[in-house]
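entry23.txt follows; it contains compact mmCIF, N, CA and C atoms and all ligand atoms.
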# COMPACT_ATOMS: atom_id res chain seq x y z
N MET W 32 -3.98 2.18 21.06
CA MET W 32 -3.05 3.29 20.77
C MET W 32 -3.13 3.64 19.29
N SER W 33 -3.32 4.92 19.00
CA SER W 33 -3.43 5.32 17.59
C SER W 33 -2.06 5.18 16.92
N GLU W 34 -2.09 4.69 15.73
CA GLU W 34 -0.88 4.35 14.98
C GLU W 34 -1.08 4.81 13.54
N ARG W 35 0.02 4.99 12.82
CA ARG W 35 -0.05 5.33 11.40
C ARG W 35 0.54 4.21 10.57
N THR W 36 -0.04 4.03 9.38
CA THR W 36 0.52 3.06 8.45
C THR W 36 0.45 3.63 7.04
N LEU W 37 1.33 3.18 6.15
CA LEU W 37 1.26 3.64 4.76
C LEU W 37 0.50 2.62 3.92
N ALA W 38 -0.43 3.12 3.13
CA ALA W 38 -1.17 2.28 2.18
C ALA W 38 -0.89 2.78 0.78
N ILE W 39 -0.80 1.85 -0.17
CA ILE W 39 -0.72 2.21 -1.59
C ILE W 39 -1.82 1.47 -2.33
N ILE W 40 -2.62 2.23 -3.06
CA ILE W 40 -3.56 1.63 -4.01
C ILE W 40 -2.77 1.51 -5.31
N LYS W 41 -2.49 0.27 -5.69
CA LYS W 41 -1.51 -0.02 -6.75
C LYS W 41 -2.09 0.24 -8.15
N PRO W 42 -1.19 0.26 -9.18
CA PRO W 42 -1.65 0.59 -10.54
C PRO W 42 -2.80 -0.28 -11.04
N ASP W 43 -2.81 -1.56 -10.66
CA ASP W 43 -3.89 -2.44 -11.15
C ASP W 43 -5.25 -2.01 -10.60
N ALA W 44 -5.28 -1.62 -9.32
CA ALA W 44 -6.54 -1.21 -8.69
C ALA W 44 -6.99 0.16 -9.20
N VAL W 45 -6.03 1.07 -9.45
CA VAL W 45 -6.37 2.38 -10.01
C VAL W 45 -6.98 2.17 -11.41
N LYS W 46 -6.35 1.28 -12.19
CA LYS W 46 -6.83 1.02 -13.56
C LYS W 46 -8.25 0.46 -13.55
N LYS W 47 -8.58 -0.32 -12.50
CA LYS W 47 -9.92 -0.92 -12.41
C LYS W 47 -10.96 0.01 -11.78
N ASP W 48 -10.57 1.28 -11.56
CA ASP W 48 -11.49 2.24 -10.92
C ASP W 48 -11.96 1.77 -9.54
N ALA W 49 -11.02 1.19 -8.78
CA ALA W 49 -11.37 0.69 -7.45
C ALA W 49 -10.94 1.64 -6.32
N ILE W 50 -10.45 2.85 -6.67
CA ILE W 50 -9.96 3.76 -5.63
C ILE W 50 -11.05 4.04 -4.59
N GLY W 51 -12.23 4.40 -5.09
CA GLY W 51 -13.31 4.78 -4.18
C GLY W 51 -13.73 3.64 -3.27
N ASP W 52 -13.86 2.45 -3.84
CA ASP W 52 -14.27 1.30 -3.04
C ASP W 52 -13.24 1.01 -1.95
N ILE W 53 -11.97 1.09 -2.30
CA ILE W 53 -10.92 0.78 -1.31
C ILE W 53 -10.90 1.82 -0.19
N ILE W 54 -11.00 3.09 -0.54
CA ILE W 54 -11.00 4.13 0.51
C ILE W 54 -12.25 4.01 1.37
N LYS W 55 -13.37 3.66 0.77
CA LYS W 55 -14.61 3.46 1.55
C LYS W 55 -14.40 2.34 2.59
N ARG W 56 -13.69 1.29 2.18
CA ARG W 56 -13.45 0.18 3.12
C ARG W 56 -12.48 0.60 4.23
N TYR W 57 -11.49 1.45 3.90
CA TYR W 57 -10.61 1.96 4.96
C TYR W 57 -11.44 2.73 5.98
N GLU W 58 -12.27 3.64 5.49
CA GLU W 58 -13.08 4.47 6.39
C GLU W 58 -14.05 3.61 7.20
N GLY W 59 -14.63 2.62 6.54
CA GLY W 59 -15.58 1.73 7.23
C GLY W 59 -14.91 0.94 8.34
N ALA W 60 -13.62 0.71 8.20
CA ALA W 60 -12.87 -0.05 9.21
C ALA W 60 -12.25 0.87 10.26
N GLY W 61 -12.54 2.15 10.19
CA GLY W 61 -11.97 3.08 11.18
C GLY W 61 -10.52 3.42 10.92
N LEU W 62 -10.07 3.22 9.67
CA LEU W 62 -8.71 3.62 9.30
C LEU W 62 -8.84 4.92 8.52
N ARG W 63 -8.55 6.03 9.19
CA ARG W 63 -8.81 7.35 8.61
C ARG W 63 -7.63 7.87 7.81
N PRO W 64 -7.88 8.27 6.55
CA PRO W 64 -6.81 8.93 5.79
C PRO W 64 -6.38 10.23 6.48
N VAL W 65 -5.08 10.38 6.74
CA VAL W 65 -4.55 11.63 7.32
C VAL W 65 -3.52 12.28 6.37
N ALA W 66 -3.29 11.63 5.22
CA ALA W 66 -2.48 12.20 4.13
C ALA W 66 -2.81 11.37 2.90
N MET W 67 -2.85 12.02 1.74
CA MET W 67 -3.25 11.28 0.54
C MET W 67 -2.78 12.02 -0.70
N ARG W 68 -2.30 11.25 -1.69
CA ARG W 68 -1.81 11.87 -2.91
C ARG W 68 -1.77 10.83 -4.03
N MET W 69 -2.03 11.28 -5.27
CA MET W 69 -1.89 10.41 -6.43
C MET W 69 -0.60 10.76 -7.14
N LEU W 70 0.14 9.77 -7.57
CA LEU W 70 1.39 10.03 -8.26
C LEU W 70 1.75 8.84 -9.12
N ARG W 71 2.65 9.07 -10.04
CA ARG W 71 3.20 7.94 -10.79
C ARG W 71 4.66 7.80 -10.42
N MET W 72 5.03 6.66 -9.88
CA MET W 72 6.42 6.44 -9.47
C MET W 72 7.30 6.21 -10.68
N SER W 73 8.52 6.74 -10.62
CA SER W 73 9.53 6.33 -11.60
C SER W 73 10.01 4.94 -11.17
N LYS W 74 10.69 4.28 -12.06
CA LYS W 74 11.25 2.96 -11.72
C LYS W 74 12.19 3.09 -10.51
N SER W 75 13.01 4.14 -10.49
CA SER W 75 13.97 4.25 -9.38
C SER W 75 13.27 4.62 -8.07
N THR W 76 12.16 5.36 -8.12
CA THR W 76 11.38 5.62 -6.90
C THR W 76 10.80 4.31 -6.36
N ALA W 77 10.29 3.46 -7.27
CA ALA W 77 9.76 2.16 -6.85
C ALA W 77 10.88 1.28 -6.29
N GLU W 78 12.05 1.34 -6.90
CA GLU W 78 13.18 0.53 -6.40
C GLU W 78 13.61 0.98 -5.01
N GLY W 79 13.59 2.28 -4.76
CA GLY W 79 13.95 2.79 -3.43
C GLY W 79 12.93 2.38 -2.39
N PHE W 80 11.66 2.43 -2.79
CA PHE W 80 10.59 2.08 -1.86
C PHE W 80 10.68 0.61 -1.45
N TYR W 81 10.96 -0.25 -2.43
CA TYR W 81 11.00 -1.70 -2.18
C TYR W 81 12.43 -2.20 -1.99
N ALA W 82 13.34 -1.34 -1.56
CA ALA W 82 14.76 -1.72 -1.45
C ALA W 82 14.98 -2.99 -0.63
N VAL W 83 14.14 -3.24 0.38
CA VAL W 83 14.33 -4.46 1.19
C VAL W 83 14.16 -5.73 0.36
N HIS W 84 13.47 -5.60 -0.79
CA HIS W 84 13.23 -6.78 -1.63
C HIS W 84 14.23 -6.89 -2.79
N ARG W 85 15.29 -6.04 -2.74
CA ARG W 85 16.22 -5.95 -3.87
C ARG W 85 16.76 -7.31 -4.34
N ALA W 86 16.98 -8.22 -3.40
CA ALA W 86 17.59 -9.51 -3.77
C ALA W 86 16.56 -10.54 -4.25
N ARG W 87 15.28 -10.21 -4.17
CA ARG W 87 14.25 -11.19 -4.54
C ARG W 87 14.14 -11.33 -6.07
N PRO W 88 13.78 -12.54 -6.51
CA PRO W 88 13.66 -12.76 -7.97
C PRO W 88 12.59 -11.89 -8.62
N PHE W 89 11.59 -11.46 -7.84
CA PHE W 89 10.49 -10.69 -8.42
C PHE W 89 10.72 -9.18 -8.36
N PHE W 90 11.92 -8.75 -7.90
CA PHE W 90 12.16 -7.31 -7.69
C PHE W 90 11.98 -6.48 -8.96
N ASP W 91 12.56 -6.94 -10.06
CA ASP W 91 12.49 -6.13 -11.29
C ASP W 91 11.05 -6.04 -11.80
N SER W 92 10.37 -7.17 -11.78
CA SER W 92 9.00 -7.13 -12.29
C SER W 92 8.08 -6.36 -11.34
N LEU W 93 8.28 -6.49 -10.03
CA LEU W 93 7.48 -5.72 -9.06
C LEU W 93 7.66 -4.21 -9.26
N THR W 94 8.91 -3.77 -9.41
CA THR W 94 9.15 -2.33 -9.51
C THR W 94 8.72 -1.79 -10.88
N THR W 95 8.81 -2.63 -11.91
CA THR W 95 8.28 -2.23 -13.23
C THR W 95 6.76 -2.05 -13.14
N PHE W 96 6.11 -2.99 -12.49
CA PHE W 96 4.64 -2.89 -12.30
C PHE W 96 4.28 -1.65 -11.50
N MET W 97 4.98 -1.39 -10.42
CA MET W 97 4.63 -0.25 -9.56
C MET W 97 4.84 1.09 -10.26
N ALA W 98 5.70 1.08 -11.30
CA ALA W 98 5.94 2.31 -12.06
C ALA W 98 5.09 2.35 -13.34
N SER W 99 4.20 1.37 -13.51
CA SER W 99 3.48 1.24 -14.79
C SER W 99 2.28 2.17 -14.92
N GLY W 100 1.88 2.81 -13.84
CA GLY W 100 0.73 3.70 -13.90
C GLY W 100 0.56 4.41 -12.59
N PRO W 101 -0.43 5.30 -12.51
CA PRO W 101 -0.61 6.06 -11.27
C PRO W 101 -1.01 5.17 -10.09
N VAL W 102 -0.60 5.61 -8.92
CA VAL W 102 -0.98 4.96 -7.66
C VAL W 102 -1.55 6.04 -6.74
N VAL W 103 -2.26 5.61 -5.69
CA VAL W 103 -2.66 6.52 -4.64
C VAL W 103 -1.92 6.10 -3.37
N VAL W 104 -1.17 7.02 -2.79
CA VAL W 104 -0.48 6.73 -1.53
C VAL W 104 -1.23 7.45 -0.42
N LEU W 105 -1.43 6.75 0.69
CA LEU W 105 -2.17 7.32 1.82
C LEU W 105 -1.49 6.98 3.12
N VAL W 106 -1.62 7.86 4.08
CA VAL W 106 -1.31 7.50 5.46
C VAL W 106 -2.65 7.27 6.14
N LEU W 107 -2.79 6.10 6.77
CA LEU W 107 -4.01 5.77 7.50
C LEU W 107 -3.70 5.79 8.98
N ALA W 108 -4.62 6.35 9.76
CA ALA W 108 -4.42 6.40 11.21
C ALA W 108 -5.58 5.74 11.92
N GLY W 109 -5.27 5.10 13.04
CA GLY W 109 -6.31 4.45 13.84
C GLY W 109 -5.66 3.54 14.86
N ASP W 110 -6.49 3.02 15.77
CA ASP W 110 -5.97 2.08 16.77
C ASP W 110 -5.39 0.88 16.06
N ASN W 111 -4.17 0.51 16.42
CA ASN W 111 -3.59 -0.72 15.89
C ASN W 111 -3.63 -0.75 14.35
N ALA W 112 -3.39 0.42 13.73
CA ALA W 112 -3.64 0.57 12.29
C ALA W 112 -2.81 -0.39 11.43
N ILE W 113 -1.58 -0.66 11.82
CA ILE W 113 -0.71 -1.50 10.97
C ILE W 113 -1.30 -2.91 10.84
N LYS W 114 -1.62 -3.50 11.99
CA LYS W 114 -2.14 -4.87 11.98
C LYS W 114 -3.54 -4.91 11.36
N ARG W 115 -4.38 -3.94 11.72
CA ARG W 115 -5.75 -3.97 11.21
C ARG W 115 -5.79 -3.74 9.70
N HIS W 116 -4.87 -2.89 9.21
CA HIS W 116 -4.82 -2.70 7.76
C HIS W 116 -4.39 -3.99 7.07
N ARG W 117 -3.43 -4.69 7.65
CA ARG W 117 -2.98 -5.94 7.03
C ARG W 117 -4.10 -6.98 7.01
N GLU W 118 -4.91 -7.00 8.08
CA GLU W 118 -6.05 -7.92 8.10
C GLU W 118 -7.07 -7.56 7.02
N LEU W 119 -7.30 -6.26 6.87
CA LEU W 119 -8.25 -5.79 5.86
C LEU W 119 -7.76 -6.12 4.44
N MET W 120 -6.42 -6.04 4.23
CA MET W 120 -5.86 -6.36 2.90
C MET W 120 -5.96 -7.85 2.60
N GLY W 121 -5.74 -8.71 3.59
CA GLY W 121 -5.68 -10.15 3.36
C GLY W 121 -4.28 -10.58 2.94
N ALA W 122 -4.12 -11.88 2.68
CA ALA W 122 -2.81 -12.45 2.34
C ALA W 122 -2.26 -11.82 1.06
N THR W 123 -0.91 -11.79 0.96
CA THR W 123 -0.23 -11.20 -0.21
C THR W 123 -0.77 -11.77 -1.52
N ASP W 124 -0.99 -13.09 -1.53
CA ASP W 124 -1.51 -13.75 -2.73
C ASP W 124 -3.05 -13.73 -2.67
N PRO W 125 -3.69 -13.01 -3.59
CA PRO W 125 -5.15 -12.90 -3.55
C PRO W 125 -5.85 -14.26 -3.52
N ALA W 126 -5.22 -15.29 -4.12
CA ALA W 126 -5.83 -16.63 -4.11
C ALA W 126 -5.89 -17.21 -2.71
N LYS W 127 -5.01 -16.69 -1.81
CA LYS W 127 -4.99 -17.21 -0.44
C LYS W 127 -5.65 -16.24 0.55
N ALA W 128 -6.07 -15.09 0.06
CA ALA W 128 -6.65 -14.07 0.94
C ALA W 128 -8.08 -14.46 1.34
N ASP W 129 -8.44 -14.17 2.58
CA ASP W 129 -9.79 -14.48 3.05
C ASP W 129 -10.83 -13.74 2.20
N PRO W 130 -11.98 -14.39 1.98
CA PRO W 130 -13.04 -13.74 1.21
C PRO W 130 -13.41 -12.38 1.82
N GLY W 131 -13.64 -11.41 0.97
CA GLY W 131 -14.04 -10.09 1.45
C GLY W 131 -12.89 -9.16 1.74
N THR W 132 -11.65 -9.69 1.79
CA THR W 132 -10.50 -8.79 2.01
C THR W 132 -10.20 -8.04 0.71
N LEU W 133 -9.45 -6.93 0.85
CA LEU W 133 -9.19 -6.08 -0.32
C LEU W 133 -8.51 -6.85 -1.45
N ARG W 134 -7.56 -7.70 -1.09
CA ARG W 134 -6.85 -8.43 -2.15
C ARG W 134 -7.72 -9.53 -2.76
N ALA W 135 -8.58 -10.15 -1.95
CA ALA W 135 -9.49 -11.16 -2.51
C ALA W 135 -10.46 -10.49 -3.48
N VAL W 136 -10.91 -9.27 -3.14
CA VAL W 136 -11.91 -8.59 -3.97
C VAL W 136 -11.26 -7.96 -5.21
N HIS W 137 -10.11 -7.30 -5.03
CA HIS W 137 -9.57 -6.48 -6.12
C HIS W 137 -8.26 -7.00 -6.72
N GLY W 138 -7.59 -7.95 -6.08
CA GLY W 138 -6.30 -8.43 -6.58
C GLY W 138 -6.47 -9.44 -7.70
N THR W 139 -5.40 -9.62 -8.47
CA THR W 139 -5.43 -10.57 -9.58
C THR W 139 -4.50 -11.76 -9.30
N ASN W 140 -3.27 -11.47 -8.86
CA ASN W 140 -2.32 -12.52 -8.51
C ASN W 140 -1.31 -11.95 -7.51
N ILE W 141 -0.30 -12.76 -7.14
CA ILE W 141 0.60 -12.35 -6.05
C ILE W 141 1.34 -11.05 -6.36
N GLU W 142 1.52 -10.73 -7.63
CA GLU W 142 2.18 -9.47 -7.98
C GLU W 142 1.17 -8.34 -8.14
N PHE W 143 0.13 -8.57 -8.89
CA PHE W 143 -0.91 -7.54 -9.11
C PHE W 143 -1.93 -7.70 -7.99
N ASN W 144 -1.54 -7.28 -6.79
CA ASN W 144 -2.38 -7.58 -5.63
C ASN W 144 -3.06 -6.35 -5.03
N ALA W 145 -3.28 -5.34 -5.85
CA ALA W 145 -4.19 -4.20 -5.57
C ALA W 145 -3.72 -3.18 -4.53
N VAL W 146 -3.18 -3.67 -3.41
CA VAL W 146 -2.82 -2.75 -2.33
C VAL W 146 -1.53 -3.16 -1.63
N HIS W 147 -0.90 -2.17 -1.04
CA HIS W 147 0.28 -2.41 -0.20
C HIS W 147 0.00 -1.82 1.18
N GLY W 148 0.58 -2.43 2.21
CA GLY W 148 0.50 -1.87 3.56
C GLY W 148 1.78 -2.13 4.31
N SER W 149 2.18 -1.17 5.13
CA SER W 149 3.39 -1.35 5.96
C SER W 149 3.25 -2.60 6.83
N ASP W 150 4.39 -3.29 7.06
CA ASP W 150 4.29 -4.53 7.84
C ASP W 150 4.80 -4.41 9.28
N SER W 151 5.32 -3.24 9.67
CA SER W 151 5.78 -3.06 11.06
C SER W 151 5.88 -1.56 11.33
N ALA W 152 6.07 -1.20 12.61
CA ALA W 152 6.18 0.22 12.95
C ALA W 152 7.40 0.85 12.30
N ASP W 153 8.52 0.13 12.27
CA ASP W 153 9.73 0.68 11.64
C ASP W 153 9.52 0.89 10.15
N THR W 154 8.92 -0.11 9.49
CA THR W 154 8.64 0.01 8.06
C THR W 154 7.68 1.17 7.81
N ALA W 155 6.67 1.31 8.65
CA ALA W 155 5.69 2.39 8.48
C ALA W 155 6.39 3.75 8.54
N ARG W 156 7.28 3.92 9.49
CA ARG W 156 8.02 5.21 9.60
C ARG W 156 8.79 5.50 8.31
N PHE W 157 9.50 4.48 7.82
CA PHE W 157 10.27 4.66 6.58
C PHE W 157 9.34 4.96 5.40
N GLU W 158 8.29 4.18 5.28
CA GLU W 158 7.42 4.29 4.10
C GLU W 158 6.62 5.60 4.09
N ILE W 159 6.15 6.03 5.26
CA ILE W 159 5.42 7.31 5.34
C ILE W 159 6.37 8.45 4.96
N GLY W 160 7.58 8.43 5.53
CA GLY W 160 8.57 9.47 5.24
C GLY W 160 9.03 9.47 3.79
N TYR W 161 8.88 8.32 3.12
CA TYR W 161 9.31 8.21 1.72
C TYR W 161 8.43 9.08 0.83
N PHE W 162 7.16 9.22 1.20
CA PHE W 162 6.22 9.97 0.37
C PHE W 162 5.72 11.28 0.98
N PHE W 163 5.76 11.40 2.30
CA PHE W 163 5.14 12.57 2.92
C PHE W 163 6.05 13.23 3.94
N PRO W 164 6.34 14.54 3.74
CA PRO W 164 6.97 15.28 4.84
C PRO W 164 5.98 15.38 6.01
N GLU W 165 6.49 15.45 7.23
CA GLU W 165 5.62 15.44 8.42
C GLU W 165 4.51 16.48 8.33
N MET W 166 4.81 17.64 7.74
CA MET W 166 3.79 18.71 7.70
C MET W 166 2.63 18.37 6.78
N ASP W 167 2.77 17.35 5.93
CA ASP W 167 1.68 16.96 5.04
C ASP W 167 0.77 15.88 5.67
N VAL W 168 1.09 15.46 6.90
CA VAL W 168 0.27 14.48 7.60
C VAL W 168 -0.54 15.26 8.65
N VAL W 169 -1.86 15.20 8.53
CA VAL W 169 -2.70 16.04 9.38
C VAL W 169 -3.15 15.30 10.63
N ALA W 170 -3.57 16.08 11.62
CA ALA W 170 -4.21 15.50 12.81
C ALA W 170 -5.72 15.51 12.57
N ARG W 171 -6.41 14.43 12.95
CA ARG W 171 -7.88 14.40 12.77
C ARG W 171 -8.53 13.96 14.06
P1 LIG I 1 3.50 -5.77 -1.14
O1 LIG I 1 2.68 -5.88 0.08
O2 LIG I 1 3.46 -4.48 -1.89
O3 LIG I 1 5.03 -6.10 -0.78
C1 LIG I 1 5.94 -6.62 -1.70
C2 LIG I 1 5.28 -7.03 -2.98
O4 LIG I 1 6.02 -7.93 -3.76
C3 LIG I 1 3.99 -7.78 -2.68
O5 LIG I 1 3.02 -6.91 -2.15
C4 LIG I 1 3.68 -8.38 -4.02
O6 LIG I 1 3.09 -7.44 -4.91
C5 LIG I 1 5.09 -8.69 -4.51
N1 LIG I 1 5.41 -10.10 -4.32
C6 LIG I 1 5.58 -10.74 -3.16
N2 LIG I 1 5.89 -12.04 -3.38
C7 LIG I 1 5.92 -12.19 -4.72
C8 LIG I 1 6.17 -13.29 -5.56
N3 LIG I 1 6.48 -14.50 -5.08
N4 LIG I 1 6.10 -13.08 -6.90
C9 LIG I 1 5.82 -11.87 -7.40
N5 LIG I 1 5.57 -10.77 -6.63
C10 LIG I 1 5.61 -10.95 -5.31
As structure tokens, please, write out the structure in this file.
Amino acid sequence: MSERTLAIIKPDAVKKDAIGDIIKRYEGAGLRPVAMRMLRMSKSTAEGFYAVHRARPFFDSLTTFMASGPVVVLVLAGDNAIKRHRELMGATDPAKADPGTLRAVHGTNIEFNAVHGSDSADTARFEIGYFFPEMDVVAR
């Protein structure tokens, strides 16, 4: 069943000029971009996006990092896209991510981990709507 998920190429990966490599890997895995935009989040936009993590000790530093430079936000579509994107990203901590996964290749540590992906269908709906009105998501 075709599904949508939200991906973010984080400030660390944009700074390393890894945008092209990451999108190439999405396409190679059959995860097709159906919406895409580059933007710089304000601190409060990052706080709203990560609101579920508000009580975590790393919340302030995570949202400061996410607002520290431009990011690329994408909606990816494909069969089982949420789970397959998470497999492609690898574990949250790049040191624990399987070799060849996006975080193993491009991440630095558990905070500067190159990419974000929705973790469930409900989260994907919220996260896609956070950045894209429905009319900006195309059919392919
Ligand atoms: P992400 O998939 O974007 O979801 C939440 C983010 O919080 C996560 O990737 C990491 O960047 C960050 N994060 C998760 N756990 C920690 C942690 N223990 N310390 C610092 N940052 C974390």
If you count all atoms listed in the file, which residues end up within 6.5 Å of ligand LIG 1 (chain I), as a ChimeraX atom specification? /W:89,93,123,141-144,146-148
Got time to write the residues from that selection, N, CA and C atoms, as a PDB file, in the coordinates of the input?
ATOM      1  N   PHE W  89      11.590 -11.460  -7.840  1.00  0.00           N
ATOM      2  CA  PHE W  89      10.490 -10.690  -8.420  1.00  0.00           C
ATOM      3  C   PHE W  89      10.720  -9.180  -8.360  1.00  0.00           C
ATOM      4  N   LEU W  93       8.280  -6.490 -10.030  1.00  0.00           N
ATOM      5  CA  LEU W  93       7.480  -5.720  -9.060  1.00  0.00           C
ATOM      6  C   LEU W  93       7.660  -4.210  -9.260  1.00  0.00           C
ATOM      7  N   THR W 123      -0.910 -11.790   0.960  1.00  0.00           N
ATOM      8  CA  THR W 123      -0.230 -11.200  -0.210  1.00  0.00           C
ATOM      9  C   THR W 123      -0.770 -11.770  -1.520  1.00  0.00           C
ATOM     10  N   ILE W 141      -0.300 -12.760  -7.140  1.00  0.00           N
ATOM     11  CA  ILE W 141       0.600 -12.350  -6.050  1.00  0.00           C
ATOM     12  C   ILE W 141       1.340 -11.050  -6.360  1.00  0.00           C
ATOM     13  N   GLU W 142       1.520 -10.730  -7.630  1.00  0.00           N
ATOM     14  CA  GLU W 142       2.180  -9.470  -7.980  1.00  0.00           C
ATOM     15  C   GLU W 142       1.170  -8.340  -8.140  1.00  0.00           C
ATOM     16  N   PHE W 143       0.130  -8.570  -8.890  1.00  0.00           N
ATOM     17  CA  PHE W 143      -0.910  -7.540  -9.110  1.00  0.00           C
ATOM     18  C   PHE W 143      -1.930  -7.700  -7.990  1.00  0.00           C
ATOM     19  N   ASN W 144      -1.540  -7.280  -6.790  1.00  0.00           N
ATOM     20  CA  ASN W 144      -2.380  -7.580  -5.630  1.00  0.00           C
ATOM     21  C   ASN W 144      -3.060  -6.350  -5.030  1.00  0.00           C
ATOM     22  N   VAL W 146      -3.180  -3.670  -3.410  1.00  0.00           N
ATOM     23  CA  VAL W 146      -2.820  -2.750  -2.330  1.00  0.00           C
ATOM     24  C   VAL W 146      -1.530  -3.160  -1.630  1.00  0.00           C
ATOM     25  N   HIS W 147      -0.900  -2.170  -1.040  1.00  0.00           N
ATOM     26  CA  HIS W 147       0.280  -2.410  -0.200  1.00  0.00           C
ATOM     27  C   HIS W 147       0.000  -1.820   1.180  1.00  0.00           C
ATOM     28  N   GLY W 148       0.580  -2.430   2.210  1.00  0.00           N
ATOM     29  CA  GLY W 148       0.500  -1.870   3.560  1.00  0.00           C
ATOM     30  C   GLY W 148       1.780  -2.130   4.310  1.00  0.00           C
TER      31      GLY W 148
END
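DSSP, applied to the backbone of this structure, assigns alpha helix (DSSP H) to the following residues of region 82-141 of chain W: Phe90, Asp91, Ser92, Leu93, Thr94, Thr95, Phe96, Met97, Ala112, Ile113, Lys114, Arg115, His116, Arg117, Glu118, Leu119, Met120, Leu133, Arg134, Ala135, Val136 and His137 of chain W.
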Within 7 Å of Ala126 (chain W), counting all atoms listed in the file, which residues qualify if same-chain residues fewer than 6 places away don't, as a ChimeraX atom specification? /W:134-135,138-141
Got a sec to tell me which of region 36-138 of chain W DSSP assigns to strand (DSSP E), as a ChimeraX atom specification? /W:36-40,63-70,102-110
Hey, can you spit out that residue selection with N, CA and C atoms as an mmCIF file, in the frame of the given file?
data_model
loop_
_atom_site.group_PDB
_atom_site.id
_atom_site.type_symbol
_atom_site.label_atom_id
_atom_site.label_comp_id
_atom_site.auth_asym_id
_atom_site.auth_seq_id
_atom_site.Cartn_x
_atom_site.Cartn_y
_atom_site.Cartn_z
ATOM 1 N N THR W 36 -0.040 4.030 9.380
ATOM 2 C CA THR W 36 0.520 3.060 8.450
ATOM 3 C C THR W 36 0.450 3.630 7.040
ATOM 4 N N LEU W 37 1.330 3.180 6.150
ATOM 5 C CA LEU W 37 1.260 3.640 4.760
ATOM 6 C C LEU W 37 0.500 2.620 3.920
ATOM 7 N N ALA W 38 -0.430 3.120 3.130
ATOM 8 C CA ALA W 38 -1.170 2.280 2.180
ATOM 9 C C ALA W 38 -0.890 2.780 0.780
ATOM 10 N N ILE W 39 -0.800 1.850 -0.170
ATOM 11 C CA ILE W 39 -0.720 2.210 -1.590
ATOM 12 C C ILE W 39 -1.820 1.470 -2.330
ATOM 13 N N ILE W 40 -2.620 2.230 -3.060
ATOM 14 C CA ILE W 40 -3.560 1.630 -4.010
ATOM 15 C C ILE W 40 -2.770 1.510 -5.310
ATOM 16 N N ARG W 63 -8.550 6.030 9.190
ATOM 17 C CA ARG W 63 -8.810 7.350 8.610
ATOM 18 C C ARG W 63 -7.630 7.870 7.810
ATOM 19 N N PRO W 64 -7.880 8.270 6.550
ATOM 20 C CA PRO W 64 -6.810 8.930 5.790
ATOM 21 C C PRO W 64 -6.380 10.230 6.480
ATOM 22 N N VAL W 65 -5.080 10.380 6.740
ATOM 23 C CA VAL W 65 -4.550 11.630 7.320
ATOM 24 C C VAL W 65 -3.520 12.280 6.370
ATOM 25 N N ALA W 66 -3.290 11.630 5.220
ATOM 26 C CA ALA W 66 -2.480 12.200 4.130
ATOM 27 C C ALA W 66 -2.810 11.370 2.900
ATOM 28 N N MET W 67 -2.850 12.020 1.740
ATOM 29 C CA MET W 67 -3.250 11.280 0.540
ATOM 30 C C MET W 67 -2.780 12.020 -0.700
ATOM 31 N N ARG W 68 -2.300 11.250 -1.690
ATOM 32 C CA ARG W 68 -1.810 11.870 -2.910
ATOM 33 C C ARG W 68 -1.770 10.830 -4.030
ATOM 34 N N MET W 69 -2.030 11.280 -5.270
ATOM 35 C CA MET W 69 -1.890 10.410 -6.430
ATOM 36 C C MET W 69 -0.600 10.760 -7.140
ATOM 37 N N LEU W 70 0.140 9.770 -7.570
ATOM 38 C CA LEU W 70 1.390 10.030 -8.260
ATOM 39 C C LEU W 70 1.750 8.840 -9.120
ATOM 40 N N VAL W 102 -0.600 5.610 -8.920
ATOM 41 C CA VAL W 102 -0.980 4.960 -7.660
ATOM 42 C C VAL W 102 -1.550 6.040 -6.740
ATOM 43 N N VAL W 103 -2.260 5.610 -5.690
ATOM 44 C CA VAL W 103 -2.660 6.520 -4.640
ATOM 45 C C VAL W 103 -1.920 6.100 -3.370
ATOM 46 N N VAL W 104 -1.170 7.020 -2.790
ATOM 47 C CA VAL W 104 -0.480 6.730 -1.530
ATOM 48 C C VAL W 104 -1.230 7.450 -0.420
ATOM 49 N N LEU W 105 -1.430 6.750 0.690
ATOM 50 C CA LEU W 105 -2.170 7.320 1.820
ATOM 51 C C LEU W 105 -1.490 6.980 3.120
ATOM 52 N N VAL W 106 -1.620 7.860 4.080
ATOM 53 C CA VAL W 106 -1.310 7.500 5.460
ATOM 54 C C VAL W 106 -2.650 7.270 6.140
ATOM 55 N N LEU W 107 -2.790 6.100 6.770
ATOM 56 C CA LEU W 107 -4.010 5.770 7.500
ATOM 57 C C LEU W 107 -3.700 5.790 8.980
ATOM 58 N N ALA W 108 -4.620 6.350 9.760
ATOM 59 C CA ALA W 108 -4.420 6.400 11.210
ATOM 60 C C ALA W 108 -5.580 5.740 11.920
ATOM 61 N N GLY W 109 -5.270 5.100 13.040
ATOM 62 C CA GLY W 109 -6.310 4.450 13.840
ATOM 63 C C GLY W 109 -5.660 3.540 14.860
ATOM 64 N N ASP W 110 -6.490 3.020 15.770
ATOM 65 C CA ASP W 110 -5.970 2.080 16.770
ATOM 66 C C ASP W 110 -5.390 0.880 16.060
#
Applying 10 Å and only C-alpha atoms, which residues near Val65 (chain W) remain after dropping the ones on its own chain fewer than 5 positions away? List them as a ChimeraX atom specification. /W:35,105-109,167-171
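Our summary of the geometry notes that CA of Ser151 (chain W) is positioned 18.1 Å from CA of Arg63 (chain W).
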Would you compute, for all listed atoms of region 55-72 of chain W, the axis-aligned bounding box grown by 6 Å on each side, and then report its centre and edge lengths in Å rounded to one decimal, as AutoDock Vina command-line options?
--center_x -4.1 --center_y 6.1 --center_z 0.2 --size_x 34.9 --size_y 24.3 --size_z 34.0
Per-residue nearest contacts of region 98-168 of chain W to region 68-83 of chain W (7 Å; only C-alpha atoms) as JSON lines:
{"residue": "W:Ala98", "atom": "CA", "partner": "W:Met72", "partner_atom": "CA", "distance": 4.9}
{"residue": "W:Gly100", "atom": "CA", "partner": "W:Arg71", "partner_atom": "CA", "distance": 5.8}
{"residue": "W:Pro101", "atom": "CA", "partner": "W:Arg71", "partner_atom": "CA", "distance": 4.3}
{"residue": "W:Val102", "atom": "CA", "partner": "W:Leu70", "partner_atom": "CA", "distance": 5.6}
{"residue": "W:Val103", "atom": "CA", "partner": "W:Met69", "partner_atom": "CA", "distance": 4.4}
{"residue": "W:Val104", "atom": "CA", "partner": "W:Arg68", "partner_atom": "CA", "distance": 5.5}
{"residue": "W:Leu105", "atom": "CA", "partner": "W:Arg68", "partner_atom": "CA", "distance": 6.6}
